[in-house]
$ cat structure_22.tsv   # TSV, C-alpha atoms
chain	number	residue	atom	x	y	z
F	12	MET	CA	122.44	109.17	105.94
F	13	GLU	CA	122.59	109.57	109.69
F	14	VAL	CA	121.78	105.88	110.11
F	15	LEU	CA	124.68	104.97	107.81
F	16	LEU	CA	127.12	107.07	109.81
F	17	GLN	CA	125.84	105.49	113.03
F	18	LEU	CA	126.20	102.03	111.49
F	19	TYR	CA	129.78	102.74	110.46
F	20	TRP	CA	130.68	104.06	113.90
F	21	VAL	CA	129.02	101.15	115.72
F	22	PHE	CA	130.77	98.52	113.59
F	23	LEU	CA	134.07	100.35	113.84
F	24	LYS	CA	133.82	99.97	117.61
F	25	ILE	CA	132.85	96.32	117.21
F	26	GLY	CA	135.85	95.69	114.92
F	27	LEU	CA	138.20	97.44	117.29
F	28	PHE	CA	137.08	95.57	120.40
F	29	SER	CA	136.50	92.06	119.09
F	30	PHE	CA	139.51	89.90	119.76
F	31	GLY	CA	140.20	86.28	119.03
F	32	GLY	CA	137.34	85.09	116.92
F	33	GLY	CA	133.75	85.92	116.17
F	34	TYR	CA	132.03	85.13	119.44
F	35	THR	CA	133.64	87.89	121.51
F	36	MET	CA	131.85	90.41	119.30
F	37	LEU	CA	128.39	89.08	120.20
F	38	PRO	CA	127.98	91.04	123.47
F	39	LEU	CA	129.22	94.14	121.63
F	40	ILE	CA	126.47	93.67	119.06
F	41	GLU	CA	123.99	93.14	121.87
F	42	ALA	CA	125.05	96.35	123.59
F	43	GLU	CA	125.31	98.45	120.43
F	44	ILE	CA	122.62	97.06	118.10
F	45	ILE	CA	119.96	95.26	120.13
F	46	ARG	CA	119.83	97.84	122.93
F	47	ARG	CA	119.23	100.47	120.23
F	48	GLY	CA	116.23	98.47	119.04
F	49	TRP	CA	117.73	97.90	115.59
F	50	LEU	CA	117.26	94.15	115.90
F	51	THR	CA	115.58	91.64	118.23
F	52	THR	CA	117.59	88.94	119.98
F	53	SER	CA	115.92	86.12	118.02
F	54	GLU	CA	116.61	87.86	114.70
F	55	PHE	CA	120.19	88.24	115.85
F	56	VAL	CA	120.53	84.55	116.76
F	57	ASP	CA	119.14	83.59	113.35
F	58	ILE	CA	121.72	85.84	111.72
F	59	ILE	CA	124.55	84.17	113.67
F	60	ALA	CA	123.29	80.80	112.44
F	61	VAL	CA	123.31	81.98	108.81
F	62	ALA	CA	126.73	83.57	109.30
F	63	GLU	CA	128.10	80.24	110.58
F	64	MET	CA	126.70	78.24	107.71
F	65	THR	CA	127.82	80.46	104.86
F	66	PRO	CA	131.36	81.03	103.59
F	67	GLY	CA	133.40	83.78	105.15
F	68	THR	CA	134.23	84.96	108.63
F	69	ILE	CA	131.44	85.22	111.15
F	70	SER	CA	132.08	88.84	112.04
F	71	VAL	CA	132.10	90.09	108.44
F	72	ASN	CA	129.03	87.99	107.66
F	73	SER	CA	127.04	89.29	110.60
F	74	ALA	CA	128.13	92.87	109.92
F	75	THR	CA	126.91	92.58	106.32
F	76	PHE	CA	123.66	90.97	107.42
F	77	ILE	CA	122.85	93.43	110.20
F	78	GLY	CA	123.87	96.34	107.98
F	79	TYR	CA	121.49	95.12	105.29
F	80	ASN	CA	118.61	94.75	107.75
F	81	ILE	CA	119.08	98.29	108.99
F	82	GLY	CA	120.10	100.19	105.86
F	83	GLY	CA	119.73	98.00	102.77
F	84	ILE	CA	122.71	97.49	100.47
F	85	PRO	CA	124.42	100.78	101.47
F	86	GLY	CA	123.98	99.70	105.09
F	87	SER	CA	125.59	96.33	104.45
F	88	LEU	CA	128.61	97.94	102.77
F	89	VAL	CA	129.04	100.57	105.46
F	90	ALA	CA	128.79	98.05	108.32
F	91	THR	CA	131.29	95.72	106.66
F	92	LEU	CA	133.69	98.58	106.02
F	93	GLY	CA	133.34	99.60	109.66
F	94	VAL	CA	134.17	96.17	111.04
F	95	ILE	CA	137.29	95.81	108.86
F	96	THR	CA	138.62	99.38	109.21
F	97	PRO	CA	140.63	98.75	112.41
F	98	SER	CA	142.29	95.66	110.89
F	99	LEU	CA	143.14	97.50	107.68
F	100	ILE	CA	144.71	100.44	109.46
F	101	LEU	CA	146.50	98.43	112.14
F	102	ILE	CA	147.97	95.83	109.82
F	103	LEU	CA	148.63	97.75	106.65
F	104	PHE	CA	150.05	100.86	108.25
F	105	GLY	CA	150.79	100.00	111.86
F	106	SER	CA	152.37	96.58	112.03
F	107	ILE	CA	155.66	98.04	113.27
F	108	ILE	CA	153.81	99.56	116.20
F	109	LEU	CA	152.19	96.18	116.84
F	110	LEU	CA	155.52	94.42	116.85
F	111	ARG	CA	156.91	96.96	119.31
F	112	LEU	CA	153.83	96.54	121.52
F	113	LYS	CA	154.29	92.78	121.70
F	114	GLU	CA	157.99	93.03	122.50
F	115	ASN	CA	157.41	95.74	125.08
F	116	PRO	CA	156.74	94.29	128.58
F	117	HIS	CA	153.97	96.83	129.18
F	118	GLY	CA	152.21	95.90	125.94
F	119	ASP	CA	152.57	92.23	126.69
F	120	SER	CA	151.03	92.63	130.17
F	121	LEU	CA	148.16	94.58	128.68
F	122	LEU	CA	147.49	91.92	126.05
F	123	LYS	CA	147.57	89.19	128.70
F	124	GLY	CA	145.24	91.28	130.83
F	125	PHE	CA	142.59	91.23	128.08
F	126	ARG	CA	142.29	87.45	128.14
F	127	PRO	CA	139.82	86.97	131.04
F	128	ALA	CA	137.60	89.52	129.28
F	129	PHE	CA	137.40	87.31	126.16
F	130	ILE	CA	135.95	84.45	128.18
F	131	ALA	CA	133.65	86.76	130.09
F	132	LEU	CA	132.31	88.10	126.78
F	133	VAL	CA	131.63	84.65	125.37
F	134	VAL	CA	129.91	83.55	128.62
F	135	ILE	CA	127.80	86.70	128.56
F	136	ALA	CA	126.93	85.96	124.93
F	137	ALA	CA	125.85	82.41	125.85
F	138	PHE	CA	123.57	83.81	128.56
F	139	PHE	CA	121.84	86.45	126.51
F	140	ILE	CA	121.38	84.16	123.53
F	141	GLY	CA	120.22	81.34	125.79
F	142	LYS	CA	117.68	83.53	127.58
F	143	ASP	CA	115.97	84.11	124.27
F	144	SER	CA	116.48	80.67	122.70
F	145	LEU	CA	115.86	78.21	125.53
F	146	VAL	CA	112.19	78.90	126.11
F	147	ASP	CA	110.63	75.48	126.67
F	148	VAL	CA	111.41	71.79	127.22
F	149	PRO	CA	112.18	70.86	123.59
F	150	SER	CA	114.57	73.78	123.12
F	151	ALA	CA	116.34	72.91	126.39
F	152	LEU	CA	116.67	69.31	125.23
F	153	ILE	CA	118.12	70.38	121.88
F	154	PHE	CA	120.58	72.63	123.69
F	155	GLY	CA	121.67	69.85	126.08
F	156	ALA	CA	122.18	67.26	123.37
F	157	LEU	CA	124.07	69.58	121.02
F	158	PHE	CA	126.16	71.09	123.81
F	159	ILE	CA	127.55	67.63	124.53
F	160	LEU	CA	128.08	67.02	120.80
F	161	CYS	CA	130.11	70.23	120.53
F	162	PHE	CA	132.93	68.61	122.52
F	163	GLN	CA	133.16	65.79	120.01
F	164	GLN	CA	136.03	66.32	117.66
F	165	LYS	CA	135.39	66.42	113.92
F	166	ILE	CA	131.97	67.97	114.42
F	167	SER	CA	131.89	71.43	112.89
F	168	PRO	CA	129.57	74.32	113.78
F	169	PHE	CA	127.89	73.67	110.44
F	170	HIS	CA	126.87	70.18	111.58
F	171	ILE	CA	125.65	71.41	114.95
F	172	ILE	CA	123.37	73.98	113.34
F	173	ALA	CA	122.13	71.50	110.73
F	174	ALA	CA	121.35	69.06	113.57
F	175	GLY	CA	119.48	71.84	115.36
F	176	ALA	CA	117.39	72.48	112.26
F	177	VAL	CA	116.46	68.79	111.96
F	178	LEU	CA	115.61	68.56	115.67
F	179	GLY	CA	113.53	71.71	115.34
F	180	LEU	CA	111.51	70.14	112.53
F	181	ILE	CA	110.97	67.00	114.60
F	182	LEU	CA	110.15	68.64	117.91
F	183	TYR	CA	108.13	71.63	116.70
F	184	PRO	CA	105.79	70.15	114.10
F	185	PHE	CA	102.72	71.92	115.50
F	186	HIS	CA	104.15	75.12	116.93
Y	2	MET	CA	158.86	74.89	91.62
Y	3	LYS	CA	159.83	78.41	90.71
Y	4	ASN	CA	162.68	80.06	92.45
Y	5	ASN	CA	161.13	83.19	93.84
Y	6	THR	CA	163.00	83.56	97.08
Y	7	GLU	CA	165.22	86.29	95.73
Y	8	ASN	CA	162.75	89.03	95.23
Y	9	PRO	CA	159.17	87.86	95.63
Y	10	GLN	CA	157.92	91.45	95.99
Y	11	ASN	CA	157.93	92.10	92.26
Y	12	LYS	CA	156.94	88.71	91.04
Y	13	VAL	CA	153.49	88.01	92.42
Y	14	PRO	CA	150.81	89.76	90.36
Y	15	LEU	CA	148.15	91.57	92.34
Y	16	LEU	CA	145.40	89.95	90.30
Y	17	LYS	CA	146.66	86.53	91.32
Y	18	ILE	CA	146.50	87.53	94.99
Y	19	LEU	CA	142.95	88.77	94.51
Y	20	LEU	CA	141.91	85.51	92.84
Y	21	VAL	CA	143.47	83.28	95.49
Y	22	PHE	CA	141.72	85.13	98.31
Y	23	LEU	CA	138.45	85.24	96.39
Y	24	LYS	CA	138.67	81.46	96.22
Y	25	ILE	CA	139.40	81.18	99.93
Y	26	GLY	CA	136.56	83.56	100.76
Y	27	THR	CA	134.09	81.68	98.60
Y	28	PHE	CA	134.78	78.13	99.70
Y	29	THR	CA	135.57	78.26	103.40
Y	30	ILE	CA	132.66	77.73	105.73
Y	31	GLY	CA	133.04	77.95	109.49
Y	32	GLY	CA	134.77	81.21	110.28
Y	33	GLY	CA	138.29	82.36	110.91
Y	34	TYR	CA	139.98	79.37	112.45
Y	35	VAL	CA	138.89	77.13	109.59
Y	36	MET	CA	140.43	79.59	107.14
Y	37	LEU	CA	143.92	79.80	108.63
Y	38	PRO	CA	145.15	76.36	107.49
Y	39	ILE	CA	143.60	76.96	104.06
Y	40	ILE	CA	145.36	80.31	103.70
Y	41	LYS	CA	148.59	78.57	104.65
Y	42	ARG	CA	148.05	75.82	102.09
Y	43	GLU	CA	147.30	78.27	99.30
Y	44	LEU	CA	150.20	80.61	100.01
Y	45	VAL	CA	152.90	78.23	101.18
Y	46	GLU	CA	152.20	74.93	99.46
Y	47	CYS	CA	150.22	75.78	96.31
Y	48	ASN	CA	151.75	79.08	95.25
Y	49	HIS	CA	155.10	79.18	97.07
Y	50	TRP	CA	154.72	82.85	97.83
Y	51	LEU	CA	155.99	82.37	101.36
Y	52	GLU	CA	158.22	79.97	103.23
Y	53	LYS	CA	156.54	78.01	106.02
Y	54	GLU	CA	158.73	79.76	108.59
Y	55	ASP	CA	157.73	83.13	107.21
Y	56	PHE	CA	154.08	82.22	107.43
Y	57	TYR	CA	154.33	81.23	111.10
Y	58	ASN	CA	156.40	84.26	112.01
Y	59	THR	CA	153.84	86.51	110.40
Y	60	MET	CA	151.01	84.65	112.09
Y	61	ALA	CA	152.55	85.17	115.53
Y	62	LEU	CA	151.40	88.78	115.27
Y	63	ILE	CA	147.76	87.79	115.00
Y	64	GLN	CA	147.22	87.02	118.65
Y	65	GLY	CA	146.07	90.11	120.42
Y	66	LEU	CA	144.96	91.84	117.24
Y	67	PRO	CA	141.40	93.08	117.12
Y	68	GLY	CA	139.11	92.26	114.22
Y	69	PRO	CA	138.16	89.19	112.18
Y	70	VAL	CA	140.86	86.51	112.51
Y	71	ALA	CA	140.81	85.35	108.88
Y	72	LEU	CA	140.91	88.90	107.57
Y	73	ASN	CA	143.85	89.73	109.82
Y	74	CYS	CA	145.70	86.65	108.64
Y	75	ALA	CA	144.99	87.43	104.99
Y	76	LEU	CA	146.14	91.04	105.41
Y	77	LEU	CA	149.33	90.10	107.23
Y	78	VAL	CA	150.52	87.41	104.85
Y	79	ALA	CA	149.50	89.25	101.68
Y	80	LYS	CA	151.28	92.35	102.90
Y	81	ARG	CA	154.35	90.21	103.46
Y	82	VAL	CA	154.10	88.90	99.90
Y	83	ARG	CA	153.29	92.10	98.03
Y	84	GLY	CA	153.19	95.08	100.39
Y	85	VAL	CA	150.21	97.29	101.18
Y	86	SER	CA	148.56	96.84	97.77
Y	87	GLY	CA	148.79	93.05	98.20
Y	88	GLY	CA	147.08	93.38	101.57
Y	89	ILE	CA	144.27	95.42	100.06
Y	90	MET	CA	143.77	92.82	97.32
Y	91	ALA	CA	143.58	90.07	99.94
Y	92	ALA	CA	141.01	92.02	101.95
Y	93	ILE	CA	138.84	92.62	98.89
Y	94	GLY	CA	139.15	88.96	97.93
Y	95	ILE	CA	138.20	87.60	101.30
Y	96	ILE	CA	135.19	89.83	102.02
Y	97	THR	CA	133.57	90.14	98.58
Y	98	PRO	CA	132.06	86.61	98.56
Y	99	SER	CA	130.71	87.19	102.08
Y	100	ILE	CA	129.00	90.40	101.06
Y	101	LEU	CA	127.43	88.93	97.90
Y	102	ILE	CA	126.20	85.74	99.56
Y	103	ILE	CA	124.91	87.42	102.71
Y	104	VAL	CA	123.11	90.22	100.85
Y	105	ALA	CA	121.43	87.61	98.65
Y	106	ILE	CA	120.32	85.63	101.71
Y	107	ALA	CA	119.20	88.71	103.62
Y	108	ALA	CA	117.24	90.04	100.65
Y	109	TYR	CA	115.62	86.90	99.24
Y	110	LEU	CA	115.91	83.91	101.55
Y	111	PHE	CA	115.58	85.33	105.01
Y	112	PRO	CA	112.19	87.03	104.58
Y	113	LEU	CA	110.80	83.57	103.76
Y	114	VAL	CA	111.67	82.28	107.24
Y	115	LYS	CA	108.99	84.38	108.87
Y	116	GLU	CA	106.32	83.12	106.52
Y	117	HIS	CA	107.28	79.55	105.92
Y	118	TYR	CA	105.96	77.08	108.49
Y	119	PHE	CA	108.71	74.47	108.29
Y	120	LEU	CA	111.53	76.98	108.10
Y	121	GLN	CA	110.16	78.49	111.29
Y	122	ALA	CA	110.23	75.11	113.02
Y	123	ALA	CA	113.82	74.60	111.84
Y	124	PHE	CA	114.84	77.94	113.31
Y	125	TYR	CA	113.25	77.04	116.66
Y	126	GLY	CA	115.82	74.24	116.71
Y	127	ILE	CA	118.67	76.32	115.30
Y	128	ARG	CA	118.50	78.88	118.11
Y	129	PRO	CA	119.34	76.39	120.90
Y	130	ALA	CA	122.01	74.96	118.58
Y	131	VAL	CA	123.69	78.37	118.33
Y	132	THR	CA	123.44	78.69	122.12
Y	133	ALA	CA	125.19	75.31	122.46
Y	134	LEU	CA	128.00	76.44	120.14
Y	135	VAL	CA	128.60	79.65	122.06
Y	136	ALA	CA	128.42	77.92	125.46
Y	137	ALA	CA	130.89	75.27	124.30
Y	138	ALA	CA	133.22	77.97	122.97
Y	139	ALA	CA	133.11	79.65	126.40
Y	140	PHE	CA	134.11	76.36	128.04
Y	141	ASN	CA	136.99	75.72	125.67
Y	142	LEU	CA	138.32	79.27	125.97
Y	143	GLY	CA	138.04	79.11	129.76
Y	144	LYS	CA	139.98	75.86	129.89
Y	145	ASP	CA	142.84	77.46	127.99
Y	146	ILE	CA	142.97	80.81	129.72
Y	147	ILE	CA	141.89	80.31	133.33
Y	148	ARG	CA	145.02	78.77	134.78
Y	149	THR	CA	145.69	81.02	137.77
Y	150	LYS	CA	143.75	82.31	140.75
Y	151	PHE	CA	144.17	85.87	139.46
Y	152	THR	CA	142.53	85.24	136.09
Y	153	PHE	CA	139.74	83.33	137.83
Y	154	ILE	CA	138.95	86.22	140.17
Y	155	ILE	CA	139.01	88.72	137.31
Y	156	LEU	CA	136.68	86.52	135.29
Y	157	ALA	CA	134.24	86.28	138.22
Y	158	ILE	CA	134.21	90.07	138.64
Y	159	LEU	CA	133.73	90.62	134.90
Y	160	LEU	CA	130.83	88.16	134.80
Y	161	ILE	CA	129.08	89.86	137.71
Y	162	ALA	CA	129.62	93.26	136.09
Y	163	GLY	CA	128.48	92.09	132.68
Y	164	LEU	CA	125.58	89.78	133.49
Y	165	TRP	CA	124.17	91.46	136.58
Y	166	LEU	CA	124.99	95.10	136.17
Y	167	THR	CA	124.92	94.98	132.32
Y	168	ILE	CA	128.07	97.07	132.11
Y	169	HIS	CA	129.05	97.81	128.52
Y	170	PRO	CA	131.45	95.18	127.07
Y	171	ILE	CA	133.98	97.80	125.97
Y	172	ILE	CA	134.31	98.93	129.59
Y	173	LEU	CA	134.81	95.30	130.64
Y	174	ILE	CA	137.58	94.80	128.05
Y	175	VAL	CA	139.42	98.00	128.96
Y	176	ALA	CA	139.11	97.35	132.72
Y	177	SER	CA	140.37	93.80	132.32
Y	178	GLY	CA	143.34	94.93	130.23
Y	179	LEU	CA	144.36	97.66	132.66
Y	180	THR	CA	144.02	95.39	135.70
Y	181	GLY	CA	146.16	92.78	133.96
Y	182	TRP	CA	148.71	95.39	133.00
Y	183	VAL	CA	149.11	96.54	136.64
Y	184	TYR	CA	149.15	92.97	137.96
Y	185	TYR	CA	151.66	91.53	135.48
Y	186	GLN	CA	153.92	94.54	135.82
Y	187	LEU	CA	153.97	94.08	139.62
Y	188	MET	CA	154.58	90.36	139.24
Y	189	GLY	CA	157.35	90.99	136.75
Y	190	GLY	CA	158.97	93.47	139.10
Y	191	LYS	CA	159.24	90.87	141.84
Y	192	LYS	CA	161.40	88.53	139.85
$ encode --input "structure_22.tsv" --output "structure tokens"
Amino acid sequence: MEVLLQLYWVFLKIGLFSFGGGYTMLPLIEAEIIRRGWLTTSEFVDIIAVAEMTPGTISVNSATFIGYNIGGIPGSLVATLGVITPSLILILFGSIILLRLKENPHGDSLLKGFRPAFIALVVIAAFFIGKDSLVDVPSALIFGALFILCFQQKISPFHIIAAGAVLGLILYPFH
Amino acid sequence: MKNNTENPQNKVPLLKILLVFLKIGTFTIGGGYVMLPIIKRELVECNHWLEKEDFYNTMALIQGLPGPVALNCALLVAKRVRGVSGGIMAAIGIITPSILIIVAIAAYLFPLVKEHYFLQAAFYGIRPAVTALVAAAAFNLGKDIIRTKFTFIILAILLIAGLWLTIHPIILIVASGLTGWVYYQLMGGKK
């Protein structure tokens, strides 16, 4: 029971402080989940991969997945509920406040002020994921090749991960 | 085409909203930004619940909102169509497929990875692929946001604080917001 409450609280924080897409939440998960020892970094990276390749938004998918790993089906429900609670409350019952905030010069400055933090969070995510994933020459090669491919238009995250899986099979036959 | 511009609030059944968002939640792979155009197509073009203008005006609120982008979009537009209960239907519709699929994977498929030799090899390749995706996202975001010396300096400070000193990300977000607030208020005052 205590774990479920903790899960809800942790994912509530993650939902409240993840702006502009799934990747900004990754350092939050690192700080709140991995530092607690609930998950290892490699398990976490595998979960992101699954979350990218399955239907749905990445943050809801990873919340469900991590919740399940920690607390079974109740855990997955609680974590998902946590990550969507801020959106539900803000949009369903507070959209007038939001509108005011955007039109207010103070609110607008504050929102603009958040922006450098979004990039910082995604860079931090790249570093902590990379530290765990780029461990030898083949993995560095896979990273380099796919990083360049990412800037190609028409290539979706799904393709990048599928390509990674194929390269993994080719380069790690006797791991 | 039905004429439902007069009073759309009463005309769209909640069950229909639930079904449309269940469909979107089940068939869209690739996260929030892939979902937005599909939500628009379903609501504006297929079902005529909203005018295009209405959709974009509602969407303008999304920037700066915390939480999953696709969920926020679904909530906003469904609320516009059918009030709070419409929003709740949309939320249920969009997250239910995620929960079912992910729980199935986590319970049955994922445990196999640790045992299966080839799956393991695949995941050794998938991890650098995920790193590449995140690194590329950082580049693209940076290109869009870092336009001034001020944002560049703030980014540098945040990176040192986050990477070196491992300061908690929530502290980084709040500090960045407050610094921006002070800075943009001062800049605005000069005009």
$ residues_around --input "structure_22.tsv" --residues "range 113-118 of chain Y" --least-positions-apart "6" --cutoff "12 Å" --atoms "all atoms listed in the file" --output "VMD selection string"
(chain F and resid 53 to 54 57 to 58 61 179 to 180 183 to 186) or (chain Y and resid 106 to 107 124 to 125)
$ closest_residue --input "structure_22.tsv" --among "Y:Ile100, Y:Ile168, Y:Ile39, Y:Ala108" --to "Leu88 in chain F" --atoms "only C-alpha atoms"
Y:Ile100
$ closest_residue --input "structure_22.tsv" --among "Y:Tyr109, Y:Trp165, Y:Trp50, Y:Phe119" --to "chain F" --atoms "all atoms listed in the file"
Y:Phe119
$ closest_residue --input "structure_22.tsv" --among "Y:Phe111, Y:Phe22, Y:Phe56, Y:Phe28" --to "chain F" --atoms "all atoms listed in the file"
Y:Phe28
$ closest_residue --input "structure_22.tsv" --among "F:Leu16, F:Val133, F:Ile181, F:Leu27" --to "Leu101 in chain F" --atoms "all atoms listed in the file"
F:Leu27
$ atom_distance --input "structure_22.tsv" --atom1 "CA of Ile96 in chain Y" --atom2 "CA of Ile166 in chain F"
25.3 Å
$ closest_residue --input "structure_22.tsv" --among "Y:Ala91, Y:Leu72, Y:Ala123, Y:Ile103" --to "Leu178 in chain F" --atoms "all atoms listed in the file"
Y:Ala123
$ residues_near_point --input "structure_22.tsv" --point "(158.3, 81.4, 105.3)" --cutoff "12 Å" --atoms "all atoms listed in the file" --output "PDB file with C-alpha atoms, in the frame of the given file"
ATOM      1  CA  ASN Y   5     161.130  83.190  93.840  1.00  0.00           C
ATOM      2  CA  THR Y   6     163.000  83.560  97.080  1.00  0.00           C
ATOM      3  CA  PRO Y   9     159.170  87.860  95.630  1.00  0.00           C
ATOM      4  CA  LYS Y  41     148.590  78.570 104.650  1.00  0.00           C
ATOM      5  CA  LEU Y  44     150.200  80.610 100.010  1.00  0.00           C
ATOM      6  CA  VAL Y  45     152.900  78.230 101.180  1.00  0.00           C
ATOM      7  CA  GLU Y  46     152.200  74.930  99.460  1.00  0.00           C
ATOM      8  CA  HIS Y  49     155.100  79.180  97.070  1.00  0.00           C
ATOM      9  CA  TRP Y  50     154.720  82.850  97.830  1.00  0.00           C
ATOM     10  CA  LEU Y  51     155.990  82.370 101.360  1.00  0.00           C
ATOM     11  CA  GLU Y  52     158.220  79.970 103.230  1.00  0.00           C
ATOM     12  CA  LYS Y  53     156.540  78.010 106.020  1.00  0.00           C
ATOM     13  CA  GLU Y  54     158.730  79.760 108.590  1.00  0.00           C
ATOM     14  CA  ASP Y  55     157.730  83.130 107.210  1.00  0.00           C
ATOM     15  CA  PHE Y  56     154.080  82.220 107.430  1.00  0.00           C
ATOM     16  CA  TYR Y  57     154.330  81.230 111.100  1.00  0.00           C
ATOM     17  CA  ASN Y  58     156.400  84.260 112.010  1.00  0.00           C
ATOM     18  CA  THR Y  59     153.840  86.510 110.400  1.00  0.00           C
ATOM     19  CA  MET Y  60     151.010  84.650 112.090  1.00  0.00           C
ATOM     20  CA  VAL Y  78     150.520  87.410 104.850  1.00  0.00           C
ATOM     21  CA  ARG Y  81     154.350  90.210 103.460  1.00  0.00           C
ATOM     22  CA  VAL Y  82     154.100  88.900  99.900  1.00  0.00           C
TER      23      VAL Y  82
END
$ residues_near_point --input "structure_22.tsv" --point "(124.9, 68.3, 122.7)" --cutoff "12 Å" --atoms "all atoms listed in the file" --output "ChimeraX atom specification"
/F:150-163,166,168,170-172,174-175,178 /Y:129-137
$ closest_residue --input "structure_22.tsv" --among "Y:Val85, Y:Val104, Y:Leu19, Y:Leu159" --to "Ile100 in chain F" --atoms "all atoms listed in the file"
Y:Val85
$ atom_distance --input "structure_22.tsv" --atom1 "CA of Arg46 in chain F" --atom2 "CA of His169 in chain Y"
10.8 Å
$ residues_around --input "structure_22.tsv" --residues "Thr27 in chain Y" --least-positions-apart "4" --cutoff "9 Å" --atoms "all atoms listed in the file" --output "ChimeraX atom specification"
/F:65-67 /Y:22-23,94-99,102
$ residues_around --input "structure_22.tsv" --residues "Phe169 in chain F" --least-positions-apart "5" --cutoff "9 Å" --atoms "only C-alpha atoms" --output "PDB file with C-alpha atoms, in the coordinates of the input"
ATOM      1  CA  ALA F  60     123.290  80.800 112.440  1.00  0.00           C
ATOM      2  CA  GLU F  63     128.100  80.240 110.580  1.00  0.00           C
ATOM      3  CA  MET F  64     126.700  78.240 107.710  1.00  0.00           C
ATOM      4  CA  THR F  65     127.820  80.460 104.860  1.00  0.00           C
ATOM      5  CA  ALA F 174     121.350  69.060 113.570  1.00  0.00           C
TER       6      ALA F 174
ATOM      7  CA  ILE Y  30     132.660  77.730 105.730  1.00  0.00           C
ATOM      8  CA  GLY Y  31     133.040  77.950 109.490  1.00  0.00           C
TER       9      GLY Y  31
END
$ atom_distance --input "structure_22.tsv" --atom1 "CA of Thr96 in chain F" --atom2 "CA of Gly82 in chain F"
18.8 Å
$ residues_around --input "structure_22.tsv" --residues "Gly33 in chain F" --least-positions-apart "6" --cutoff "7 Å" --atoms "only C-alpha atoms" --output "PyMOL selection string"
(chain F and resi 69-70) or (chain Y and resi 69)
$ write_last_selection --input "structure_22.tsv" --atoms "C-alpha atoms" --output "compact mmCIF listing (two decimals), in the coordinates of the input"
# COMPACT_ATOMS: atom_id res chain seq x y z
CA ILE F 69 131.44 85.22 111.15
CA SER F 70 132.08 88.84 112.04
CA PRO Y 69 138.16 89.19 112.18
$ residues_around --input "structure_22.tsv" --residues "Leu173 in chain Y" --least-positions-apart "4" --cutoff "10 Å" --atoms "all atoms listed in the file" --output "list in words"
Phe125, Pro127, Ala128, Phe129, Ala131 and Leu132 of chain F; Ile158, Leu159, Leu160, Ala162, Gly163, Ile168, His169, Ser177 and Gly178 of chain Y
